[in-house]
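Structure file structure-v3.txt (compact mmCIF, N, CA and C atoms) follows.
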# COMPACT_ATOMS: atom_id res chain seq x y z
N MET A 1 -5.28 -20.11 -17.07
CA MET A 1 -4.55 -19.02 -17.71
C MET A 1 -4.76 -17.71 -16.94
N GLU A 2 -6.02 -17.48 -16.52
CA GLU A 2 -6.30 -16.25 -15.79
C GLU A 2 -5.50 -16.18 -14.49
N THR A 3 -5.39 -17.31 -13.79
CA THR A 3 -4.62 -17.33 -12.54
C THR A 3 -3.15 -17.00 -12.81
N ILE A 4 -2.61 -17.53 -13.88
CA ILE A 4 -1.20 -17.25 -14.22
C ILE A 4 -1.01 -15.76 -14.48
N LEU A 5 -1.93 -15.16 -15.24
CA LEU A 5 -1.83 -13.72 -15.52
C LEU A 5 -1.96 -12.90 -14.24
N LEU A 6 -2.88 -13.31 -13.36
CA LEU A 6 -3.03 -12.60 -12.09
C LEU A 6 -1.75 -12.70 -11.25
N LEU A 7 -1.12 -13.86 -11.26
CA LEU A 7 0.11 -14.05 -10.51
C LEU A 7 1.25 -13.22 -11.08
N ILE A 8 1.34 -13.14 -12.40
CA ILE A 8 2.37 -12.31 -13.03
C ILE A 8 2.14 -10.84 -12.68
N ASP A 9 0.90 -10.40 -12.80
CA ASP A 9 0.54 -9.03 -12.46
C ASP A 9 0.83 -8.75 -10.99
N ALA A 10 0.46 -9.69 -10.13
CA ALA A 10 0.73 -9.52 -8.69
C ALA A 10 2.23 -9.42 -8.43
N GLY A 11 3.02 -10.27 -9.08
CA GLY A 11 4.47 -10.23 -8.90
C GLY A 11 5.07 -8.90 -9.31
N ILE A 12 4.60 -8.37 -10.41
CA ILE A 12 5.11 -7.07 -10.88
C ILE A 12 4.76 -5.97 -9.88
N ASN A 13 3.51 -5.94 -9.43
CA ASN A 13 3.09 -4.92 -8.48
C ASN A 13 3.80 -5.06 -7.14
N LEU A 14 3.93 -6.29 -6.66
CA LEU A 14 4.64 -6.52 -5.39
C LEU A 14 6.10 -6.10 -5.51
N GLY A 15 6.73 -6.46 -6.64
CA GLY A 15 8.13 -6.09 -6.85
C GLY A 15 8.33 -4.59 -6.91
N LEU A 16 7.48 -3.91 -7.69
CA LEU A 16 7.58 -2.45 -7.77
C LEU A 16 7.35 -1.82 -6.40
N GLY A 17 6.37 -2.35 -5.69
CA GLY A 17 6.10 -1.83 -4.35
C GLY A 17 7.28 -1.99 -3.43
N LEU A 18 7.92 -3.17 -3.49
CA LEU A 18 9.08 -3.40 -2.62
C LEU A 18 10.27 -2.49 -2.97
N VAL A 19 10.39 -2.14 -4.24
CA VAL A 19 11.47 -1.22 -4.65
C VAL A 19 11.14 0.21 -4.22
N LEU A 20 9.89 0.61 -4.38
CA LEU A 20 9.53 2.00 -4.13
C LEU A 20 9.31 2.32 -2.65
N MET A 21 8.84 1.37 -1.86
CA MET A 21 8.55 1.69 -0.45
C MET A 21 9.77 2.21 0.30
N PRO A 22 10.91 1.52 0.26
CA PRO A 22 12.07 2.09 0.95
C PRO A 22 12.75 3.18 0.14
N PHE A 23 12.55 3.17 -1.17
CA PHE A 23 13.12 4.12 -2.12
C PHE A 23 14.60 4.38 -1.86
N PRO A 24 15.44 3.31 -1.87
CA PRO A 24 16.87 3.50 -1.64
C PRO A 24 17.53 4.19 -2.84
N LEU A 25 18.21 5.27 -2.58
CA LEU A 25 18.81 6.04 -3.67
C LEU A 25 19.82 5.23 -4.48
N TRP A 26 20.58 4.35 -3.83
CA TRP A 26 21.58 3.57 -4.55
C TRP A 26 20.91 2.69 -5.60
N LEU A 27 19.74 2.10 -5.26
CA LEU A 27 19.05 1.25 -6.21
C LEU A 27 18.41 2.07 -7.33
N ILE A 28 17.84 3.21 -6.97
CA ILE A 28 17.22 4.08 -7.97
C ILE A 28 18.26 4.54 -8.97
N ARG A 29 19.44 4.92 -8.47
CA ARG A 29 20.52 5.35 -9.36
C ARG A 29 21.03 4.19 -10.22
N ALA A 30 21.16 3.00 -9.61
CA ALA A 30 21.64 1.84 -10.35
C ALA A 30 20.67 1.46 -11.48
N LEU A 31 19.38 1.64 -11.24
CA LEU A 31 18.38 1.33 -12.26
C LEU A 31 18.22 2.44 -13.28
N GLY A 32 18.82 3.59 -13.01
CA GLY A 32 18.71 4.72 -13.92
C GLY A 32 17.36 5.41 -13.87
N LEU A 33 16.68 5.26 -12.74
CA LEU A 33 15.37 5.88 -12.58
C LEU A 33 15.51 7.30 -12.05
N PRO A 34 14.53 8.17 -12.31
CA PRO A 34 14.61 9.53 -11.78
C PRO A 34 14.49 9.53 -10.26
N GLU A 35 15.27 10.38 -9.63
CA GLU A 35 15.20 10.50 -8.18
C GLU A 35 14.01 11.36 -7.81
N ALA A 36 13.24 10.89 -6.85
CA ALA A 36 12.10 11.66 -6.37
C ALA A 36 12.52 12.35 -5.08
N VAL A 37 12.53 13.66 -5.10
CA VAL A 37 12.89 14.42 -3.91
C VAL A 37 11.73 15.35 -3.62
N PRO A 38 11.07 15.19 -2.50
CA PRO A 38 11.29 14.15 -1.50
C PRO A 38 10.73 12.81 -1.97
N ALA A 39 11.14 11.76 -1.28
CA ALA A 39 10.74 10.40 -1.66
C ALA A 39 9.33 10.06 -1.15
N PHE A 40 8.67 11.00 -0.52
CA PHE A 40 7.35 10.80 0.07
C PHE A 40 6.37 10.15 -0.90
N TYR A 41 6.20 10.73 -2.07
CA TYR A 41 5.20 10.22 -3.02
C TYR A 41 5.59 8.87 -3.60
N ALA A 42 6.88 8.65 -3.81
CA ALA A 42 7.34 7.36 -4.31
C ALA A 42 7.04 6.26 -3.29
N ARG A 43 7.24 6.56 -2.01
CA ARG A 43 6.98 5.57 -0.96
C ARG A 43 5.49 5.25 -0.87
N ILE A 44 4.65 6.26 -0.93
CA ILE A 44 3.20 6.02 -0.86
C ILE A 44 2.76 5.22 -2.09
N LEU A 45 3.27 5.58 -3.26
CA LEU A 45 2.95 4.82 -4.47
C LEU A 45 3.39 3.37 -4.31
N GLY A 46 4.58 3.15 -3.76
CA GLY A 46 5.06 1.79 -3.55
C GLY A 46 4.14 0.99 -2.64
N ALA A 47 3.66 1.62 -1.58
CA ALA A 47 2.76 0.93 -0.66
C ALA A 47 1.44 0.58 -1.34
N VAL A 48 0.92 1.50 -2.13
CA VAL A 48 -0.34 1.24 -2.83
C VAL A 48 -0.14 0.13 -3.87
N LEU A 49 0.97 0.17 -4.60
CA LEU A 49 1.25 -0.90 -5.57
C LEU A 49 1.38 -2.25 -4.86
N PHE A 50 2.02 -2.26 -3.70
CA PHE A 50 2.16 -3.49 -2.94
C PHE A 50 0.77 -4.00 -2.52
N GLY A 51 -0.09 -3.09 -2.08
CA GLY A 51 -1.46 -3.47 -1.72
C GLY A 51 -2.23 -4.03 -2.91
N ILE A 52 -2.05 -3.42 -4.07
CA ILE A 52 -2.70 -3.93 -5.29
C ILE A 52 -2.16 -5.32 -5.61
N GLY A 53 -0.86 -5.53 -5.43
CA GLY A 53 -0.28 -6.86 -5.64
C GLY A 53 -0.91 -7.90 -4.72
N LEU A 54 -1.12 -7.53 -3.45
CA LEU A 54 -1.78 -8.45 -2.52
C LEU A 54 -3.21 -8.73 -2.97
N ALA A 55 -3.91 -7.68 -3.39
CA ALA A 55 -5.28 -7.86 -3.86
C ALA A 55 -5.33 -8.80 -5.06
N LEU A 56 -4.36 -8.69 -5.94
CA LEU A 56 -4.31 -9.59 -7.09
C LEU A 56 -4.03 -11.03 -6.67
N LEU A 57 -3.19 -11.21 -5.65
CA LEU A 57 -2.97 -12.56 -5.12
C LEU A 57 -4.26 -13.12 -4.53
N PHE A 58 -4.99 -12.28 -3.80
CA PHE A 58 -6.26 -12.73 -3.24
C PHE A 58 -7.25 -13.10 -4.35
N GLU A 59 -7.19 -12.37 -5.45
CA GLU A 59 -8.07 -12.67 -6.59
C GLU A 59 -7.66 -13.99 -7.24
N ALA A 60 -6.35 -14.24 -7.32
CA ALA A 60 -5.87 -15.48 -7.93
C ALA A 60 -6.19 -16.70 -7.06
N TYR A 61 -6.19 -16.50 -5.75
CA TYR A 61 -6.46 -17.59 -4.80
C TYR A 61 -7.59 -17.17 -3.85
N PRO A 62 -8.83 -17.18 -4.32
CA PRO A 62 -9.95 -16.71 -3.49
C PRO A 62 -10.12 -17.50 -2.21
N GLY A 63 -9.60 -18.71 -2.14
CA GLY A 63 -9.71 -19.50 -0.92
C GLY A 63 -8.94 -18.90 0.24
N LEU A 64 -7.97 -18.02 -0.04
CA LEU A 64 -7.20 -17.39 1.04
C LEU A 64 -8.07 -16.46 1.88
N THR A 65 -9.04 -15.82 1.27
CA THR A 65 -9.85 -14.83 1.98
C THR A 65 -11.32 -15.16 1.99
N GLY A 66 -11.75 -16.14 1.23
CA GLY A 66 -13.16 -16.46 1.14
C GLY A 66 -13.90 -15.61 0.12
N ALA A 67 -13.19 -14.69 -0.52
CA ALA A 67 -13.79 -13.82 -1.53
C ALA A 67 -12.69 -13.45 -2.52
N GLY A 68 -13.07 -12.82 -3.59
CA GLY A 68 -12.08 -12.36 -4.56
C GLY A 68 -11.23 -11.25 -3.98
N GLY A 69 -10.05 -11.08 -4.48
CA GLY A 69 -9.12 -10.10 -3.94
C GLY A 69 -9.48 -8.67 -4.24
N LEU A 70 -10.24 -8.43 -5.27
CA LEU A 70 -10.55 -7.06 -5.63
C LEU A 70 -11.87 -6.62 -5.03
N SER A 71 -12.37 -7.40 -4.05
CA SER A 71 -13.54 -7.00 -3.29
C SER A 71 -13.04 -6.48 -1.94
N LEU A 72 -13.76 -6.71 -0.85
CA LEU A 72 -13.35 -6.16 0.44
C LEU A 72 -11.94 -6.59 0.90
N PRO A 73 -11.56 -7.86 0.75
CA PRO A 73 -10.19 -8.21 1.17
C PRO A 73 -9.12 -7.41 0.41
N GLY A 74 -9.34 -7.19 -0.86
CA GLY A 74 -8.39 -6.39 -1.64
C GLY A 74 -8.37 -4.95 -1.19
N ALA A 75 -9.54 -4.40 -0.90
CA ALA A 75 -9.61 -3.02 -0.41
C ALA A 75 -8.88 -2.88 0.91
N VAL A 76 -9.04 -3.86 1.79
CA VAL A 76 -8.34 -3.84 3.08
C VAL A 76 -6.83 -3.86 2.86
N ALA A 77 -6.36 -4.74 1.97
CA ALA A 77 -4.92 -4.83 1.70
C ALA A 77 -4.37 -3.51 1.18
N ILE A 78 -5.06 -2.91 0.23
CA ILE A 78 -4.59 -1.65 -0.35
C ILE A 78 -4.61 -0.54 0.70
N ASN A 79 -5.71 -0.43 1.44
CA ASN A 79 -5.83 0.63 2.45
C ASN A 79 -4.78 0.49 3.55
N LEU A 80 -4.59 -0.73 4.04
CA LEU A 80 -3.63 -0.92 5.14
C LEU A 80 -2.18 -0.72 4.68
N CYS A 81 -1.86 -1.12 3.47
CA CYS A 81 -0.50 -0.88 2.95
C CYS A 81 -0.25 0.62 2.82
N GLY A 82 -1.20 1.35 2.25
CA GLY A 82 -1.05 2.79 2.10
C GLY A 82 -0.98 3.50 3.44
N ALA A 83 -1.87 3.13 4.38
CA ALA A 83 -1.89 3.77 5.70
C ALA A 83 -0.61 3.47 6.48
N THR A 84 -0.13 2.24 6.39
CA THR A 84 1.09 1.87 7.11
C THR A 84 2.29 2.67 6.61
N MET A 85 2.45 2.74 5.28
CA MET A 85 3.58 3.48 4.74
C MET A 85 3.46 4.96 5.05
N LEU A 86 2.27 5.51 4.98
CA LEU A 86 2.08 6.92 5.30
C LEU A 86 2.44 7.18 6.75
N ALA A 87 2.00 6.32 7.66
CA ALA A 87 2.32 6.48 9.08
C ALA A 87 3.83 6.34 9.32
N LEU A 88 4.46 5.34 8.70
CA LEU A 88 5.91 5.16 8.87
C LEU A 88 6.69 6.37 8.34
N THR A 89 6.24 6.90 7.22
CA THR A 89 6.90 8.07 6.64
C THR A 89 6.75 9.27 7.57
N LEU A 90 5.57 9.47 8.11
CA LEU A 90 5.35 10.60 9.01
C LEU A 90 6.16 10.44 10.30
N LEU A 91 6.29 9.22 10.79
CA LEU A 91 7.02 8.97 12.03
C LEU A 91 8.54 9.03 11.87
N PHE A 92 9.05 8.44 10.79
CA PHE A 92 10.50 8.27 10.70
C PHE A 92 11.18 9.14 9.65
N ALA A 93 10.54 9.40 8.53
CA ALA A 93 11.18 10.22 7.49
C ALA A 93 10.99 11.70 7.77
N ARG A 94 9.96 12.03 8.50
CA ARG A 94 9.67 13.41 8.89
C ARG A 94 9.76 14.40 7.73
N PRO A 95 8.87 14.23 6.73
CA PRO A 95 8.90 15.17 5.60
C PRO A 95 8.59 16.59 6.06
N GLU A 96 9.24 17.55 5.40
CA GLU A 96 9.01 18.96 5.73
C GLU A 96 7.64 19.37 5.23
N MET A 97 6.81 19.82 6.16
CA MET A 97 5.48 20.33 5.82
C MET A 97 4.93 21.06 7.03
N PRO A 98 3.97 21.94 6.80
CA PRO A 98 3.37 22.64 7.93
C PRO A 98 2.54 21.68 8.80
N LEU A 99 2.23 22.12 10.00
CA LEU A 99 1.46 21.31 10.94
C LEU A 99 0.13 20.87 10.34
N ARG A 100 -0.54 21.75 9.60
CA ARG A 100 -1.84 21.37 9.02
C ARG A 100 -1.69 20.21 8.04
N GLY A 101 -0.57 20.16 7.31
CA GLY A 101 -0.32 19.03 6.41
C GLY A 101 -0.16 17.74 7.18
N ARG A 102 0.58 17.78 8.28
CA ARG A 102 0.75 16.59 9.13
C ARG A 102 -0.59 16.13 9.68
N LEU A 103 -1.39 17.09 10.15
CA LEU A 103 -2.70 16.74 10.71
C LEU A 103 -3.60 16.09 9.65
N ILE A 104 -3.59 16.63 8.46
CA ILE A 104 -4.41 16.06 7.37
C ILE A 104 -3.94 14.65 7.04
N LEU A 105 -2.62 14.44 6.96
CA LEU A 105 -2.12 13.11 6.63
C LEU A 105 -2.37 12.11 7.75
N TRP A 106 -2.25 12.54 9.02
CA TRP A 106 -2.57 11.63 10.12
C TRP A 106 -4.06 11.31 10.14
N ALA A 107 -4.89 12.30 9.79
CA ALA A 107 -6.33 12.04 9.69
C ALA A 107 -6.60 11.01 8.59
N LEU A 108 -5.87 11.11 7.49
CA LEU A 108 -6.02 10.14 6.40
C LEU A 108 -5.63 8.74 6.87
N VAL A 109 -4.54 8.63 7.63
CA VAL A 109 -4.13 7.34 8.19
C VAL A 109 -5.27 6.77 9.03
N CYS A 110 -5.85 7.60 9.90
CA CYS A 110 -6.94 7.15 10.77
C CYS A 110 -8.17 6.73 9.97
N VAL A 111 -8.50 7.48 8.93
CA VAL A 111 -9.65 7.14 8.09
C VAL A 111 -9.41 5.80 7.38
N LEU A 112 -8.22 5.61 6.82
CA LEU A 112 -7.92 4.36 6.11
C LEU A 112 -7.94 3.16 7.05
N VAL A 113 -7.35 3.32 8.23
CA VAL A 113 -7.34 2.21 9.20
C VAL A 113 -8.76 1.96 9.70
N GLY A 114 -9.51 3.02 10.01
CA GLY A 114 -10.89 2.85 10.47
C GLY A 114 -11.75 2.16 9.42
N LEU A 115 -11.63 2.58 8.19
CA LEU A 115 -12.38 1.97 7.10
C LEU A 115 -12.01 0.49 6.96
N SER A 116 -10.72 0.19 7.07
CA SER A 116 -10.28 -1.20 6.98
C SER A 116 -10.84 -2.04 8.12
N LEU A 117 -10.89 -1.47 9.32
CA LEU A 117 -11.45 -2.20 10.46
C LEU A 117 -12.94 -2.51 10.25
N VAL A 118 -13.66 -1.54 9.71
CA VAL A 118 -15.08 -1.77 9.41
C VAL A 118 -15.20 -2.87 8.36
N GLU A 119 -14.36 -2.83 7.32
CA GLU A 119 -14.40 -3.86 6.27
C GLU A 119 -14.05 -5.22 6.83
N ILE A 120 -13.06 -5.29 7.72
CA ILE A 120 -12.68 -6.57 8.34
C ILE A 120 -13.83 -7.08 9.20
N TRP A 121 -14.48 -6.19 9.93
CA TRP A 121 -15.62 -6.58 10.76
C TRP A 121 -16.75 -7.15 9.89
N ILE A 122 -17.02 -6.48 8.77
CA ILE A 122 -18.06 -6.96 7.86
C ILE A 122 -17.69 -8.34 7.32
N LEU A 123 -16.42 -8.50 6.93
CA LEU A 123 -15.98 -9.80 6.42
C LEU A 123 -16.09 -10.89 7.47
N SER A 124 -15.76 -10.58 8.72
CA SER A 124 -15.79 -11.59 9.76
C SER A 124 -17.21 -11.97 10.16
N ASN A 125 -18.17 -11.06 9.91
CA ASN A 125 -19.56 -11.33 10.27
C ASN A 125 -20.40 -11.74 9.07
N ALA A 126 -19.79 -11.86 7.91
CA ALA A 126 -20.53 -12.25 6.71
C ALA A 126 -20.90 -13.72 6.78
N ALA A 127 -22.06 -14.02 6.29
CA ALA A 127 -22.50 -15.42 6.24
C ALA A 127 -21.67 -16.17 5.21
N PRO A 128 -21.27 -17.38 5.52
CA PRO A 128 -20.50 -18.16 4.53
C PRO A 128 -21.34 -18.42 3.29
N LEU A 129 -20.64 -18.46 2.15
CA LEU A 129 -21.33 -18.70 0.87
C LEU A 129 -21.73 -20.13 0.73

Could you rewrite the structure in this file as structure tokens?
Amino acid sequence: METILLLIDAGINLGLGLVLMPFPLWLIRALGLPEAVPAFYARILGAVLFGIGLALLFEAYPGLTGAGGLSLPGAVAINLCGATMLALTLLFARPEMPLRGRLILWALVCVLVGLSLVEIWILSNAAPL
């Protein structure tokens, strides 16, 4: 039963993430949802929700990662989804902000990716259970 609930929760989070990451206005209008202008925060939220959905899948199927999804593998999924969307938004959507805002957000991307690399390294060097 717990696995089924985790899968349902994962599906909801993955679905919401997939809708919010590209944040297409035609779909938002068709669903009757409020438009987020700029779409920056909606996209970041979508990426984080998608990462949470992956973490829930890892929790439902611990054999995929060798650990539960809400431990280091889940943290890596959430961090990398958020960092990837933030980097893509900064590169392609080019939100209006001062240079210091761009520098802070790029620093955040670097911190999230660096933290994920350390977590992946720890996972790869962990003794098997």

Kindly list the centre and edge lengths in Å, rounded to one decimal, for the axis-aligned box that covers all listed atoms of region 25-29 of chain A plus 6 Å on each of its six sides, as AutoDock Vina command-line options.
--center_x 19.4 --center_y 3.6 --center_z -6.4 --size_x 16.4 --size_y 16.8 --size_z 19.6

Per residue of region 67-105 of chain A within 6.5 Å of region 44-51 of chain A, what are the shortest atom pair and its distance in Å to one decimal, counting only N, CA and C atoms, with rows by chain and residue number, as a Markdown table?
| residue | atom | partner | partner_atom | distance |
| --- | --- | --- | --- | --- |
| A:Gly74 | C | A:Gly51 | C | 6.4 |
| A:Ala77 | C | A:Gly51 | CA | 4.1 |
| A:Ile78 | CA | A:Gly51 | CA | 3.9 |
| A:Asn79 | N | A:Gly51 | CA | 6.1 |
| A:Cys81 | C | A:Ala47 | C | 4.5 |
| A:Gly82 | N | A:Ala47 | C | 4.5 |
| A:Met85 | C | A:Ile44 | CA | 6.0 |
| A:Leu86 | N | A:Ile44 | CA | 5.9 |

(request) Run DSSP on the backbone and give me the residues of chain A it puts in helix (DSSP H, G or I), as an MDAnalysis selection string. (result) chainID A and resid 2:20 25:31 40:60 62:64 72:93 99:125

(request) Find the distance between CA of Leu54 (chain A) and CA of Leu105 (chain A) and write it in Å to one decimal. (result)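 Calculated distance between CA of Leu54 (chain A) and CA of Leu105 (chain A) is 23.4 Å.
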
(message) One number please: atom C of Val19 (chain A) to atom N of Tyr41 (chain A), in Å, one decimal.
(response)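 Calculated distance between atom C of Val19 (chain A) and atom N of Tyr41 (chain A) is 11.8 Å.
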
(message) Calculated over all atoms listed in the file, which of the candidates A:Phe92, A:Trp26, A:Phe40, A:Phe58 has the smallest distance to Leu70 (chain A)?
(response) A:Phe58

(message) Need the shell around Leu117 (chain A): protein/DNA/RNA residues with any atom at most 8 Å away, counting only N, CA and C atoms. Skip same-chain ones fewer than 6 positions apart. Format as a list of chain:residue names?
(response)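 With the cut-off at 8 Å, the set is A:Val76, A:Val111, A:Leu123.
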
(request) Tell me which of A:Ile120, A:Ala42, A:Ala126, A:Ile12 sits closest to Leu25 (chain A), counting only C-alpha atoms. (result)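 Checking each candidate against Leu25 (chain A), we get A:Ala42 as the closest.
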
(request) Would you mind reading off the distance between atom N of Leu16 (chain A) and CA of Arg29 (chain A), one decimal, in Å? (result)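 Between atom N of Leu16 (chain A) and CA of Arg29 (chain A) the gap is 16.1 Å.
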
(request) Find the residue from A:Leu20, A:Ala75, A:Leu80, A:Val113 that sits nearest to Ala55 (chain A); use all atoms listed in the file when measuring. (result) A:Ala75

Complete the atom set of region 101-111 of chain A to all heavy atoms and return it as a short mmCIF file (atom, residue, chain, number, x, y, z; two decimals), in the frame of the given file.
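Wrote out05.cif, looks like this:
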data_model
loop_
_atom_site.label_atom_id
_atom_site.label_comp_id
_atom_site.auth_asym_id
_atom_site.auth_seq_id
_atom_site.Cartn_x
_atom_site.Cartn_y
_atom_site.Cartn_z
N GLY A 101 -0.57 20.16 7.31
CA GLY A 101 -0.32 19.03 6.41
C GLY A 101 -0.16 17.74 7.18
O GLY A 101 -0.70 16.70 6.79
N ARG A 102 0.58 17.78 8.28
CA ARG A 102 0.75 16.59 9.13
C ARG A 102 -0.59 16.13 9.68
O ARG A 102 -0.88 14.94 9.70
CB ARG A 102 1.70 16.88 10.28
CG ARG A 102 3.14 17.00 9.86
CD ARG A 102 4.04 17.06 11.10
NE ARG A 102 5.40 17.21 10.68
CZ ARG A 102 6.14 16.24 10.16
NH1 ARG A 102 5.62 15.06 9.99
NH2 ARG A 102 7.37 16.46 9.78
N LEU A 103 -1.39 17.09 10.15
CA LEU A 103 -2.70 16.74 10.71
C LEU A 103 -3.60 16.09 9.65
O LEU A 103 -4.29 15.10 9.93
CB LEU A 103 -3.37 17.97 11.30
CG LEU A 103 -2.70 18.55 12.55
CD1 LEU A 103 -3.39 19.85 12.97
CD2 LEU A 103 -2.70 17.54 13.69
N ILE A 104 -3.59 16.63 8.46
CA ILE A 104 -4.41 16.06 7.37
C ILE A 104 -3.94 14.65 7.04
O ILE A 104 -4.76 13.74 6.87
CB ILE A 104 -4.37 16.98 6.13
CG1 ILE A 104 -5.18 18.25 6.41
CG2 ILE A 104 -4.89 16.26 4.89
CD1 ILE A 104 -5.03 19.32 5.37
N LEU A 105 -2.62 14.44 6.96
CA LEU A 105 -2.12 13.11 6.63
C LEU A 105 -2.37 12.11 7.75
O LEU A 105 -2.70 10.94 7.49
CB LEU A 105 -0.64 13.18 6.27
CG LEU A 105 -0.35 13.92 4.95
CD1 LEU A 105 1.15 13.99 4.70
CD2 LEU A 105 -1.06 13.26 3.78
N TRP A 106 -2.25 12.54 9.02
CA TRP A 106 -2.57 11.63 10.12
C TRP A 106 -4.06 11.31 10.14
O TRP A 106 -4.46 10.18 10.43
CB TRP A 106 -2.13 12.20 11.47
CG TRP A 106 -0.69 11.93 11.76
CD1 TRP A 106 0.32 12.84 11.86
CD2 TRP A 106 -0.08 10.65 11.96
NE1 TRP A 106 1.52 12.20 12.11
CE2 TRP A 106 1.30 10.86 12.18
CE3 TRP A 106 -0.56 9.34 11.98
CZ2 TRP A 106 2.18 9.82 12.43
CZ3 TRP A 106 0.33 8.30 12.21
CH2 TRP A 106 1.68 8.54 12.44
N ALA A 107 -4.89 12.30 9.79
CA ALA A 107 -6.33 12.04 9.69
C ALA A 107 -6.60 11.01 8.59
O ALA A 107 -7.45 10.12 8.76
CB ALA A 107 -7.08 13.34 9.42
N LEU A 108 -5.87 11.11 7.49
CA LEU A 108 -6.02 10.14 6.40
C LEU A 108 -5.63 8.74 6.87
O LEU A 108 -6.31 7.76 6.56
CB LEU A 108 -5.19 10.56 5.18
CG LEU A 108 -5.24 9.63 3.98
CD1 LEU A 108 -6.66 9.47 3.46
CD2 LEU A 108 -4.33 10.15 2.87
N VAL A 109 -4.54 8.63 7.63
CA VAL A 109 -4.13 7.34 8.19
C VAL A 109 -5.27 6.77 9.03
O VAL A 109 -5.65 5.60 8.89
CB VAL A 109 -2.84 7.47 9.03
CG1 VAL A 109 -2.59 6.20 9.84
CG2 VAL A 109 -1.65 7.78 8.14
N CYS A 110 -5.85 7.60 9.90
CA CYS A 110 -6.94 7.15 10.77
C CYS A 110 -8.17 6.73 9.97
O CYS A 110 -8.80 5.71 10.28
CB CYS A 110 -7.32 8.26 11.76
SG CYS A 110 -6.03 8.59 12.97
N VAL A 111 -8.50 7.48 8.93
CA VAL A 111 -9.65 7.14 8.09
C VAL A 111 -9.41 5.80 7.38
O VAL A 111 -10.29 4.93 7.35
CB VAL A 111 -9.95 8.26 7.07
CG1 VAL A 111 -10.91 7.79 5.99
CG2 VAL A 111 -10.50 9.48 7.78
#
